[in-house]
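To be precise, the following lines are query.cif, and they hold mmCIF, C-alpha atoms and all ligand atoms.
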```cif
data_structure
#
loop_
_atom_site.label_atom_id
_atom_site.label_comp_id
_atom_site.auth_asym_id
_atom_site.auth_seq_id
_atom_site.Cartn_x
_atom_site.Cartn_y
_atom_site.Cartn_z
CA MET O 1 -136.46 73.37 -94.59
CA SER O 2 -135.40 70.15 -96.19
CA HIS O 3 -134.54 68.83 -99.57
CA TYR O 4 -136.37 65.87 -101.08
CA SER O 5 -136.32 64.01 -104.34
CA LEU O 6 -138.99 62.28 -106.34
CA ASP O 7 -138.58 59.69 -109.05
CA ALA O 8 -141.29 60.21 -111.69
CA ARG O 9 -139.36 58.50 -114.46
CA ASN O 10 -141.09 56.17 -116.89
CA SER O 11 -144.46 57.66 -116.24
CA LEU O 12 -146.30 59.72 -118.78
CA CYS O 13 -147.99 63.07 -118.28
CA PRO O 14 -150.06 63.84 -116.38
CA MET O 15 -148.73 61.22 -113.94
CA PRO O 16 -145.49 63.13 -113.16
CA VAL O 17 -147.59 66.19 -112.35
CA ILE O 18 -149.91 64.17 -110.12
CA LYS O 19 -146.95 62.59 -108.33
CA THR O 20 -145.35 65.99 -107.85
CA GLN O 21 -148.60 67.47 -106.57
CA ASN O 22 -149.16 64.68 -104.09
CA ARG O 23 -145.61 64.91 -102.78
CA VAL O 24 -145.61 68.70 -102.55
CA ASN O 25 -148.84 68.55 -100.56
CA GLU O 26 -146.99 66.62 -97.87
CA LEU O 27 -144.12 69.12 -97.62
CA SER O 28 -143.82 72.45 -95.83
CA ALA O 29 -143.26 75.92 -97.22
CA GLY O 30 -139.61 76.45 -98.10
CA ASP O 31 -138.83 72.78 -98.65
CA THR O 32 -137.31 71.89 -101.99
CA LEU O 33 -138.20 68.94 -104.17
CA GLU O 34 -136.19 67.63 -107.07
CA VAL O 35 -138.32 65.69 -109.57
CA SER O 36 -136.81 63.43 -112.24
CA CYS O 37 -138.94 62.59 -115.27
CA THR O 38 -138.53 60.95 -118.62
CA ASP O 39 -141.60 62.44 -120.29
CA PRO O 40 -140.46 65.73 -121.85
CA GLY O 41 -144.02 67.01 -121.42
CA ALA O 42 -143.20 67.42 -117.73
CA LEU O 43 -140.99 70.35 -118.67
CA ASN O 44 -144.16 72.29 -119.49
CA ASP O 45 -146.65 70.72 -117.18
CA ILE O 46 -144.81 70.77 -113.85
CA PRO O 47 -143.85 74.46 -114.10
CA ALA O 48 -147.44 75.26 -115.17
CA TRP O 49 -148.75 73.39 -112.16
CA CYS O 50 -146.31 75.26 -109.91
CA ARG O 51 -147.27 78.66 -111.28
CA ILE O 52 -150.95 77.94 -110.73
CA ASN O 53 -150.51 76.65 -107.23
CA GLY O 54 -147.96 79.15 -105.98
CA HIS O 55 -144.73 77.16 -105.93
CA GLU O 56 -141.43 78.34 -107.31
CA ILE O 57 -139.36 76.62 -109.98
CA LEU O 58 -135.71 76.87 -109.01
CA GLN O 59 -134.39 74.93 -111.95
CA ALA O 60 -135.65 72.95 -114.92
CA ILE O 61 -133.08 71.17 -117.02
CA GLU O 62 -133.24 68.65 -119.81
CA GLN O 63 -130.35 66.26 -119.97
CA LYS O 64 -130.17 63.38 -122.42
CA ASP O 65 -133.40 61.47 -121.88
CA GLU O 66 -134.25 63.01 -118.57
CA VAL O 67 -135.84 66.15 -117.25
CA VAL O 68 -134.96 67.35 -113.75
CA ILE O 69 -137.08 70.02 -112.12
CA THR O 70 -136.41 71.59 -108.74
CA ILE O 71 -139.27 73.20 -106.90
CA ARG O 72 -139.44 75.38 -103.80
CA VAL O 73 -142.71 74.79 -102.00
CA GLY O 74 -144.80 77.93 -101.57
CA SER O 75 -146.64 79.00 -98.47
CA ASN O 76 -150.26 78.43 -99.43
CA MET M 1 -169.39 91.78 -95.79
CA SER M 2 -170.90 88.40 -96.48
CA THR M 3 -168.55 85.45 -96.54
CA GLN M 4 -167.04 84.63 -99.88
CA ARG M 5 -168.56 81.43 -101.21
CA LYS M 6 -166.38 78.72 -102.66
CA ALA M 7 -167.01 76.59 -105.71
CA VAL M 8 -165.08 73.62 -107.00
CA ALA M 9 -165.12 73.57 -110.80
CA LEU M 10 -164.74 70.43 -112.87
CA ILE M 11 -162.05 71.40 -115.35
CA SER M 12 -161.73 69.11 -118.35
CA GLY M 13 -159.45 71.31 -120.41
CA GLY M 14 -162.21 72.14 -122.87
CA LEU M 15 -163.84 75.48 -123.54
CA ASP M 16 -167.10 74.89 -121.68
CA SER M 17 -165.56 74.21 -118.30
CA LEU M 18 -163.27 77.20 -118.80
CA LEU M 19 -166.24 79.49 -119.45
CA ALA M 20 -168.32 78.09 -116.60
CA ALA M 21 -165.52 78.77 -114.12
CA ARG M 22 -164.94 82.22 -115.55
CA LEU M 23 -168.61 83.13 -115.03
CA MET M 24 -168.31 82.22 -111.37
CA LEU M 25 -165.17 84.31 -110.92
CA GLU M 26 -167.12 87.21 -112.44
CA GLN M 27 -169.60 86.86 -109.62
CA GLY M 28 -166.91 87.04 -106.96
CA ILE M 29 -166.95 83.36 -106.10
CA HIS M 30 -163.71 81.74 -104.96
CA VAL M 31 -163.12 79.00 -107.51
CA GLU M 32 -160.66 76.11 -107.50
CA GLY M 33 -160.48 73.54 -110.26
CA ILE M 34 -160.51 69.79 -110.04
CA ASN M 35 -159.45 67.54 -112.88
CA PHE M 36 -159.83 63.79 -112.90
CA TYR M 37 -157.35 61.51 -114.58
CA THR M 38 -158.99 58.26 -115.65
CA GLY M 39 -156.07 56.95 -117.70
CA PHE M 40 -158.07 57.50 -120.88
CA CYS M 41 -157.78 61.27 -121.01
CA VAL M 42 -156.48 62.68 -124.24
CA GLU M 43 -154.22 65.03 -122.31
CA GLY M 44 -150.49 64.79 -122.33
CA HIS M 45 -148.77 61.57 -122.96
CA THR M 46 -149.60 60.52 -126.49
CA HIS M 47 -148.04 63.76 -127.60
CA ALA M 48 -144.92 62.73 -125.81
CA ILE M 49 -144.89 59.31 -127.37
CA ARG M 50 -145.32 60.15 -131.01
CA LYS M 51 -142.62 62.19 -132.58
CA LYS M 52 -144.78 63.60 -135.30
CA ASP M 53 -146.76 65.52 -132.71
CA LYS M 54 -143.65 67.10 -131.32
CA ALA M 55 -144.00 70.21 -133.44
CA LYS M 56 -147.18 71.09 -131.59
CA PRO M 57 -146.59 72.58 -128.18
CA LYS M 58 -147.23 69.97 -125.57
CA ARG M 59 -149.53 71.34 -123.01
CA ASN M 60 -151.99 69.98 -120.57
CA ASN M 61 -155.22 71.80 -121.32
CA ALA M 62 -156.61 71.51 -117.81
CA LEU M 63 -153.50 73.22 -116.44
CA TRP M 64 -153.71 75.74 -119.23
CA SER M 65 -157.35 76.50 -118.39
CA ALA M 66 -156.53 76.98 -114.72
CA GLU M 67 -153.71 79.32 -115.59
CA GLN M 68 -155.98 81.37 -117.82
CA LEU M 69 -158.45 81.63 -114.98
CA GLY M 70 -155.86 82.26 -112.31
CA ILE M 71 -157.21 79.47 -110.13
CA LYS M 72 -155.67 76.50 -108.40
CA LEU M 73 -156.04 73.11 -110.03
CA HIS M 74 -156.12 69.80 -108.21
CA ILE M 75 -155.52 66.78 -110.40
CA VAL M 76 -156.92 63.59 -109.00
CA ASP M 77 -155.80 60.15 -110.07
CA ILE M 78 -158.93 58.00 -110.34
CA ILE M 79 -157.40 55.27 -112.50
CA GLU M 80 -158.26 52.43 -110.12
CA GLU M 81 -161.75 53.57 -109.16
CA TYR M 82 -162.61 54.33 -112.77
CA LYS M 83 -162.33 50.66 -113.73
CA ASP M 84 -165.67 49.89 -112.19
CA VAL M 85 -167.28 52.79 -114.06
CA LEU M 86 -165.99 51.58 -117.39
CA ILE M 87 -166.43 47.87 -116.84
CA ASN M 88 -169.93 47.99 -115.36
CA PRO M 89 -171.65 51.19 -116.46
CA LYS M 90 -175.16 51.16 -115.09
CA HIS M 91 -176.34 53.42 -117.91
CA GLY M 92 -174.39 51.69 -120.65
CA TYR M 93 -172.03 52.99 -123.29
CA GLY M 94 -172.34 55.77 -125.85
CA ALA M 95 -171.50 55.42 -129.52
CA ASN M 96 -168.19 53.76 -128.58
CA MET M 97 -166.91 52.47 -125.27
CA ASN M 98 -167.58 55.79 -123.55
CA PRO M 99 -169.71 55.39 -120.42
CA CYS M 100 -170.32 59.15 -120.36
CA LEU M 101 -173.31 59.27 -118.08
CA ASP M 102 -171.80 57.01 -115.43
CA CYS M 103 -168.54 58.86 -115.84
CA LYS M 104 -170.18 62.24 -115.18
CA ILE M 105 -172.05 60.89 -112.19
CA PHE M 106 -168.85 59.45 -110.81
CA MET M 107 -166.85 62.63 -111.32
CA VAL M 108 -169.50 64.84 -109.79
CA SER M 109 -169.76 62.51 -106.82
CA LYS M 110 -165.97 62.67 -106.37
CA ALA M 111 -166.15 66.45 -106.63
CA LYS M 112 -168.86 66.46 -103.99
CA GLN M 113 -166.63 64.47 -101.67
CA TRP M 114 -163.78 66.91 -102.32
CA MET M 115 -166.12 69.85 -101.69
CA GLN M 116 -167.11 68.47 -98.31
CA GLU M 117 -163.56 67.64 -97.29
CA HIS M 118 -162.32 71.10 -98.20
CA GLY M 119 -165.17 73.19 -96.89
CA PHE M 120 -166.43 74.36 -100.27
CA ASP M 121 -170.03 75.33 -100.92
CA PHE M 122 -170.97 74.07 -104.36
CA ILE M 123 -169.84 72.38 -107.57
CA ILE M 124 -169.87 73.78 -111.08
CA THR M 125 -169.55 72.04 -114.42
CA GLY M 126 -169.45 73.26 -118.01
CA GLU M 127 -172.34 71.04 -119.04
CA VAL M 128 -174.65 72.44 -121.67
CA MET M 129 -178.08 70.96 -122.17
CA GLY M 130 -178.46 68.86 -125.27
CA GLN M 131 -174.90 69.29 -126.35
CA ARG M 132 -173.68 65.74 -126.26
CA PRO M 133 -175.92 62.86 -127.16
CA MET M 134 -175.37 60.86 -124.06
CA SER M 135 -174.43 62.71 -120.93
CA GLN M 136 -175.99 66.07 -121.62
CA ARG M 137 -179.48 65.21 -122.78
CA LYS M 138 -182.05 67.36 -121.06
CA ASP M 139 -183.70 64.45 -119.30
CA LEU M 140 -180.33 63.11 -118.17
CA LEU M 141 -178.97 66.19 -116.43
CA PRO M 142 -181.21 65.51 -113.41
CA VAL M 143 -179.88 61.94 -113.32
CA VAL M 144 -176.38 63.30 -112.72
CA VAL M 145 -177.72 65.57 -109.97
CA ARG M 146 -179.54 62.73 -108.27
CA GLU M 147 -177.16 59.84 -108.62
CA SER M 148 -174.03 61.81 -107.79
CA GLY M 149 -175.63 62.95 -104.55
CA ALA M 150 -174.68 66.54 -105.36
CA ASP M 151 -178.35 67.50 -105.39
CA ASP M 152 -178.91 71.22 -105.51
CA ARG M 153 -175.27 72.05 -104.92
CA LEU M 154 -174.49 71.30 -108.56
CA LEU M 155 -174.65 74.42 -110.69
CA ARG M 156 -174.20 74.55 -114.48
CA PRO M 157 -173.58 78.23 -115.20
CA LEU M 158 -173.81 77.82 -118.97
CA CYS M 159 -177.35 76.48 -118.97
CA ALA M 160 -178.60 77.26 -115.46
CA LYS M 161 -181.47 79.40 -116.71
CA ASN M 162 -182.97 76.39 -118.42
CA LEU M 163 -182.92 74.43 -115.20
CA ALA M 164 -184.53 74.77 -111.80
CA ALA M 165 -182.76 77.15 -109.43
CA THR M 166 -180.06 75.48 -107.35
CA LEU M 167 -179.06 76.26 -103.78
CA PRO M 168 -176.37 78.82 -104.71
CA GLU M 169 -178.98 80.68 -106.76
CA ARG M 170 -181.73 80.48 -104.17
CA GLU M 171 -179.42 81.61 -101.39
CA GLY M 172 -178.21 84.50 -103.50
CA TRP M 173 -174.56 83.34 -103.50
CA VAL M 174 -174.74 83.74 -107.26
CA ASN M 175 -177.01 85.93 -109.29
CA ARG M 176 -179.18 83.71 -111.45
CA GLU M 177 -179.89 86.59 -113.79
CA LYS M 178 -176.28 86.63 -114.85
CA LEU M 179 -176.19 82.92 -115.63
CA LEU M 180 -176.76 81.63 -119.14
CA ASP M 181 -179.28 79.62 -121.10
CA PHE M 182 -177.16 77.83 -123.67
CA SER M 183 -178.57 74.69 -125.20
CA GLY M 184 -178.05 72.41 -128.15
CA ARG M 185 -175.09 71.65 -130.29
CA ASN M 186 -174.45 75.11 -131.66
CA ARG M 187 -171.03 76.19 -130.42
CA LYS M 188 -171.31 79.80 -131.56
CA PRO M 189 -172.48 81.23 -128.21
CA GLN M 190 -169.52 79.62 -126.45
CA MET M 191 -167.14 80.96 -129.03
CA ALA M 192 -168.58 84.45 -128.73
CA LEU M 193 -168.29 84.32 -124.95
CA ALA M 194 -164.71 83.10 -125.21
CA LYS M 195 -163.96 86.07 -127.38
CA GLN M 196 -165.61 88.42 -124.94
CA PHE M 197 -163.44 87.05 -122.12
CA GLY M 198 -160.35 87.21 -124.31
CA PHE M 199 -159.71 83.46 -124.37
CA GLU M 200 -157.79 82.42 -127.43
CA ASP M 201 -156.15 79.23 -128.46
CA TYR M 202 -158.43 77.07 -126.33
CA ALA M 203 -158.63 73.36 -126.96
CA THR M 204 -161.31 72.06 -129.29
CA PRO M 205 -161.30 68.31 -128.93
CA ALA M 206 -163.28 66.72 -131.74
CA GLY M 207 -164.87 63.93 -129.76
CA GLY M 208 -165.14 64.07 -126.02
CA CYS M 209 -162.58 64.43 -123.33
CA CYS M 210 -161.18 60.95 -123.70
CA PHE M 211 -160.03 58.07 -125.86
CA LEU M 212 -163.13 56.08 -125.07
CA THR M 213 -165.09 58.16 -127.58
CA ASP M 214 -162.65 57.08 -130.28
CA ALA M 215 -163.84 54.18 -132.43
CA ASN M 216 -160.35 52.76 -133.09
CA TYR M 217 -159.38 52.90 -129.47
CA SER M 218 -162.66 51.34 -128.36
CA ARG M 219 -162.20 48.48 -130.80
CA LYS M 220 -158.81 47.71 -129.31
CA LEU M 221 -160.24 47.73 -125.82
CA VAL M 222 -163.04 45.33 -126.77
CA ASP M 223 -160.50 43.09 -128.51
CA LEU M 224 -158.41 43.01 -125.35
CA TRP M 225 -161.38 41.96 -123.26
CA GLN M 226 -162.40 39.31 -125.77
CA ALA M 227 -158.90 37.88 -126.02
CA ARG M 228 -158.61 37.65 -122.25
CA ASN M 229 -162.14 36.49 -121.84
CA LYS M 230 -162.50 39.01 -119.07
CA LYS M 231 -163.56 42.63 -118.83
CA ASP M 232 -160.62 44.00 -116.94
CA TYR M 233 -157.47 46.03 -117.50
CA GLU M 234 -154.34 47.34 -115.90
CA PHE M 235 -152.99 50.82 -116.42
CA ASP M 236 -150.24 49.55 -118.74
CA ASP M 237 -152.81 47.80 -120.93
CA ILE M 238 -154.72 50.97 -121.63
CA MET M 239 -151.56 52.96 -122.28
CA LEU M 240 -150.39 50.39 -124.80
CA LEU M 241 -153.69 50.59 -126.66
CA LYS M 242 -152.70 54.12 -127.62
CA VAL M 243 -149.38 53.13 -129.12
CA GLY M 244 -148.35 51.41 -132.34
CA ARG M 245 -150.12 49.22 -134.85
CA HIS M 246 -152.07 46.41 -133.26
CA LEU M 247 -152.43 43.19 -135.23
CA ARG M 248 -153.93 39.94 -134.04
CA PRO M 249 -152.91 37.14 -136.41
CA ALA M 250 -154.43 34.50 -134.13
CA PRO M 251 -156.82 34.68 -131.19
CA HIS M 252 -154.07 33.85 -128.69
CA TYR M 253 -151.55 36.51 -129.52
CA LYS M 254 -151.34 40.13 -130.58
CA LEU M 255 -148.49 42.17 -132.01
CA ILE M 256 -147.90 45.79 -131.05
CA ILE M 257 -145.61 47.22 -133.71
CA SER M 258 -144.13 50.67 -133.20
CA ARG M 259 -144.64 53.22 -135.94
CA GLU M 260 -141.72 55.51 -135.27
CA ASP M 261 -138.91 56.44 -132.93
CA GLY M 262 -140.92 57.86 -130.09
CA GLU M 263 -143.08 54.76 -129.95
CA ASN M 264 -140.01 52.55 -130.18
CA LYS M 265 -138.64 54.24 -127.10
CA PHE M 266 -141.92 53.93 -125.28
CA LEU M 267 -142.36 50.24 -126.12
CA ASN M 268 -138.78 49.62 -125.08
CA GLY M 269 -139.86 50.32 -121.53
CA TYR M 270 -142.04 47.19 -121.65
CA ARG M 271 -139.31 44.68 -122.50
CA LYS M 272 -139.58 42.98 -119.16
CA GLN M 273 -143.33 42.46 -119.48
CA PHE M 274 -143.62 41.17 -123.05
CA ALA M 275 -141.82 38.96 -125.54
CA THR M 276 -140.22 41.20 -128.17
CA ILE M 277 -139.38 40.96 -131.86
CA GLU M 278 -136.52 43.01 -133.31
CA ILE M 279 -135.24 43.18 -136.84
CA LYS M 280 -131.48 42.69 -136.72
CA SER M 281 -130.38 42.93 -140.33
CA HIS M 282 -132.26 46.12 -141.16
CA ASN M 283 -133.70 49.18 -139.48
CA GLY M 284 -137.09 48.31 -138.19
CA PRO M 285 -139.66 48.67 -135.47
CA LEU M 286 -139.70 47.10 -132.06
CA THR M 287 -142.65 44.74 -131.65
CA LEU M 288 -144.19 43.58 -128.40
CA VAL M 289 -146.05 40.29 -128.32
CA ASP M 290 -149.08 40.05 -126.05
CA GLY M 291 -149.91 36.36 -125.59
CA GLN M 292 -148.18 33.01 -126.01
CA MET M 293 -146.68 32.04 -129.36
CA THR M 294 -145.98 28.56 -130.62
CA GLU M 295 -142.88 27.93 -132.78
CA LYS M 296 -145.06 28.31 -135.84
CA ASP M 297 -146.52 31.55 -134.56
CA MET M 298 -143.02 32.89 -134.09
CA GLN M 299 -142.24 32.37 -137.75
CA GLN M 300 -145.41 34.14 -138.73
CA ALA M 301 -144.96 36.97 -136.23
CA ALA M 302 -141.40 37.55 -137.40
CA ARG M 303 -142.56 37.70 -140.99
CA ILE M 304 -145.27 40.21 -140.14
CA ALA M 305 -143.01 42.41 -138.00
CA SER M 306 -140.31 42.52 -140.66
CA ARG M 307 -142.93 43.65 -143.16
CA PHE M 308 -142.76 47.01 -141.35
CA SER M 309 -138.95 47.22 -141.47
CA GLN M 310 -136.70 48.61 -144.13
CA GLY M 311 -135.99 45.05 -145.16
CA ARG M 312 -139.59 44.54 -146.31
CA ASN M 313 -138.51 43.78 -149.87
CA ALA M 314 -135.40 41.79 -149.01
CA ASP M 315 -135.27 38.07 -149.67
CA GLN M 316 -134.18 37.42 -146.16
CA VAL M 317 -133.98 39.36 -142.92
CA GLU M 318 -132.60 38.39 -139.57
CA VAL M 319 -135.03 38.64 -136.69
CA LYS M 320 -134.42 38.26 -132.99
CA ILE M 321 -137.20 37.09 -130.72
CA THR M 322 -136.72 37.44 -126.99
CA LEU M 323 -139.16 35.43 -124.96
CA LEU M 324 -140.31 36.36 -121.48
CA SER M 325 -138.14 33.57 -120.07
CA GLY M 326 -135.14 35.43 -121.48
CA ARG M 327 -134.57 32.81 -124.18
CA GLU M 328 -133.42 34.39 -127.43
CA LYS M 329 -134.19 33.03 -130.85
CA PHE M 330 -132.68 34.17 -134.11
CA LEU M 331 -134.67 33.53 -137.28
CA GLN M 332 -133.84 34.07 -140.93
CA ILE M 333 -137.11 34.74 -142.68
CA LYS M 334 -138.65 36.39 -145.70
CA PRO M 335 -140.85 39.35 -144.80
CA MET M 336 -144.52 38.81 -145.46
CA PRO M 337 -145.67 40.50 -148.66
CA ALA M 338 -148.45 43.03 -148.28
CA SER M 339 -150.84 40.74 -150.12
CA GLU M 340 -150.53 38.09 -147.41
CA ILE M 341 -151.31 40.43 -144.55
CA ASN M 342 -154.89 39.75 -143.69
CA GLN M 343 -156.67 43.06 -143.17
CA ALA M 344 -158.80 41.43 -140.53
CA TRP M 345 -155.69 41.12 -138.34
CA TYR M 346 -155.64 44.87 -137.86
CA ILE M 347 -157.45 45.79 -134.69
S1 LIG N 1 -165.85 61.52 -122.97
FE1 LIG N 1 -164.77 60.16 -121.54
S2 LIG N 1 -164.16 61.49 -119.80
FE2 LIG N 1 -165.73 62.59 -120.97
S3 LIG N 1 -167.68 62.08 -119.96
FE3 LIG N 1 -167.40 60.62 -121.65
S4 LIG N 1 -166.38 58.85 -120.72
FE4 LIG N 1 -166.14 60.57 -119.31
#
```
Please lay out the structure from this file as structure tokens.
Amino acid sequence: MSHYSLDARNSLCPMPVIKTQNRVNELSAGDTLEVSCTDPGALNDIPAWCRINGHEILQAIEQKDEVVITIRVGSN
Amino acid sequence: MSTQRKAVALISGGLDSLLAARLMLEQGIHVEGINFYTGFCVEGHTHAIRKKDKAKPKRNNALWSAEQLGIKLHIVDIIEEYKDVLINPKHGYGANMNPCLDCKIFMVSKAKQWMQEHGFDFIITGEVMGQRPMSQRKDLLPVVVRESGADDRLLRPLCAKNLAATLPEREGWVNREKLLDFSGRNRKPQMALAKQFGFEDYATPAGGCCFLTDANYSRKLVDLWQARNKKDYEFDDIMLLKVGRHLRPAPHYKLIISREDGENKFLNGYRKQFATIEIKSHNGPLTLVDGQMTEKDMQQAARIASRFSQGRNADQVEVKITLLSGREKFLQIKPMPASEINQAWYI
């Protein structure tokens, strides 16, 4: 189980979701991924994508102009 | 027990694709959604850019649809490949720059590829016969089937009964009797079905699924191609067409003037790629300049940009122009009065 990070800043939704999806698809169950975004829409879209696809949101915080979302990769 | 059949559903975020997928779930089919991002989709970003939209909840309707259905959704970035569809559509454009028929063929062919790679059995779409003038005319539905290569593995649950039986129907994977026979532009049957399934608050896009059906957007795209003398675009180009006021005071340069804070912030991210105009003495918008300006153009551009600042009625405002080379120029100018702004400059 490893921790990874992904820079999805300066891209607009749905690009942060697509980037997250493509990265998560390369990881294994239990791995964690921390995604940084500047589009506040990601705060809705990435958790929605995770719920649909069976991944867990460990944290989603909005700080100044950035949104940071931490995901635990699910098993399917 | 027979094996559970799998269908990949094209999910646009609209009601029709939501209903089509729901009908398949009803029949015990395993359904997963696929959503294609062309760069022109109405989803997402513009809401994030413009502050005035912030009151509305920002949601991606394709994700929302999938969540309502309880299915997985795969979003596929087709920005690069889509260029060829838009630039050279074999079947031409619709009322605006929307190459709907080629677009549908392309998306179904991508879905077919996905289906084969993932061991799925068939494809479903929310198409309804005769609903949209271009891509859903009765005589054109078979064109999508044929040219996408999906052949009889493409099922349209909402109007299947008006069409010849497809493989999933003939093989008994789905019960044709339970499929529908919607046709035409009347949306009432869809709305009634949505109600029956308990779907509320679904998206009702006025035009189609993308900006290319929008007349203003299409005009800006055509202007971009004309100005460059080439039908081509980069991702940033098409994003910028969604933002700000676009004015072309001369064939060789265009101004993109932000309309509010959110746009200002967004345009700010492009400082390294464009010359910029800022109003120093007053509050005002950030302007990007696409093209090369002469000294005389700079005067004119500064006067136009300051027209949209709080100094519009001042005798003099201070304007800073930063060229791509990094050279900065400070100008003292009088904002252009409204009467001098040529309406034909607006793209
Ligand atoms: S509206 Fe846009 S996305 Fe939808 S079929 Fe037409 S071109 Fe394609």
For ligand LIG 1 (chain N), collect every residue having any atom at a distance of at most 10 Å from a ligand atom (counting all atoms listed in the file); output as an mmCIF file with C-alpha atoms, keeping the file's coordinate frame.
```
data_model
loop_
_atom_site.group_PDB
_atom_site.id
_atom_site.type_symbol
_atom_site.label_atom_id
_atom_site.label_comp_id
_atom_site.auth_asym_id
_atom_site.auth_seq_id
_atom_site.Cartn_x
_atom_site.Cartn_y
_atom_site.Cartn_z
ATOM 1 C CA SER M 12 -161.730 69.110 -118.350
ATOM 2 C CA PHE M 36 -159.830 63.790 -112.900
ATOM 3 C CA TYR M 37 -157.350 61.510 -114.580
ATOM 4 C CA THR M 38 -158.990 58.260 -115.650
ATOM 5 C CA GLY M 39 -156.070 56.950 -117.700
ATOM 6 C CA PHE M 40 -158.070 57.500 -120.880
ATOM 7 C CA CYS M 41 -157.780 61.270 -121.010
ATOM 8 C CA VAL M 42 -156.480 62.680 -124.240
ATOM 9 C CA TYR M 82 -162.610 54.330 -112.770
ATOM 10 C CA VAL M 85 -167.280 52.790 -114.060
ATOM 11 C CA LEU M 86 -165.990 51.580 -117.390
ATOM 12 C CA TYR M 93 -172.030 52.990 -123.290
ATOM 13 C CA GLY M 94 -172.340 55.770 -125.850
ATOM 14 C CA ASN M 96 -168.190 53.760 -128.580
ATOM 15 C CA MET M 97 -166.910 52.470 -125.270
ATOM 16 C CA ASN M 98 -167.580 55.790 -123.550
ATOM 17 C CA PRO M 99 -169.710 55.390 -120.420
ATOM 18 C CA CYS M 100 -170.320 59.150 -120.360
ATOM 19 C CA LEU M 101 -173.310 59.270 -118.080
ATOM 20 C CA ASP M 102 -171.800 57.010 -115.430
ATOM 21 C CA CYS M 103 -168.540 58.860 -115.840
ATOM 22 C CA LYS M 104 -170.180 62.240 -115.180
ATOM 23 C CA ILE M 105 -172.050 60.890 -112.190
ATOM 24 C CA PHE M 106 -168.850 59.450 -110.810
ATOM 25 C CA MET M 107 -166.850 62.630 -111.320
ATOM 26 C CA ARG M 132 -173.680 65.740 -126.260
ATOM 27 C CA MET M 134 -175.370 60.860 -124.060
ATOM 28 C CA SER M 135 -174.430 62.710 -120.930
ATOM 29 C CA GLN M 136 -175.990 66.070 -121.620
ATOM 30 C CA GLY M 207 -164.870 63.930 -129.760
ATOM 31 C CA GLY M 208 -165.140 64.070 -126.020
ATOM 32 C CA CYS M 209 -162.580 64.430 -123.330
ATOM 33 C CA CYS M 210 -161.180 60.950 -123.700
ATOM 34 C CA PHE M 211 -160.030 58.070 -125.860
ATOM 35 C CA LEU M 212 -163.130 56.080 -125.070
ATOM 36 C CA THR M 213 -165.090 58.160 -127.580
ATOM 37 C CA ASP M 214 -162.650 57.080 -130.280
#
```
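For the pair CA of Asn162 in chain M and CA of Asp181 in chain M, the interatomic distance is 5.6 Å.
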Report the distance between CA of Thr38 in chain O and CA of Asn10 in chain O in Å, rounded to one decimal place.
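For CA of Thr38 in chain O relative to CA of Asn10 in chain O, the distance reads 5.7 Å.
Across the structure, CA of Gly41 in chain O and CA of Ile277 in chain M are spaced 28.4 Å apart.
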In terms of all atoms listed in the file, the residue from M:Glu32, M:Asp261, M:Glu177, M:Asp290 at minimal distance from Ala66 in chain M is M:Glu32
Which chain O residues are at most 6 Å from chain M (counting all atoms listed in the file), as a list in words?
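Close enough to count are Leu12, Cys13, Ile52 and Asn53 of chain O.
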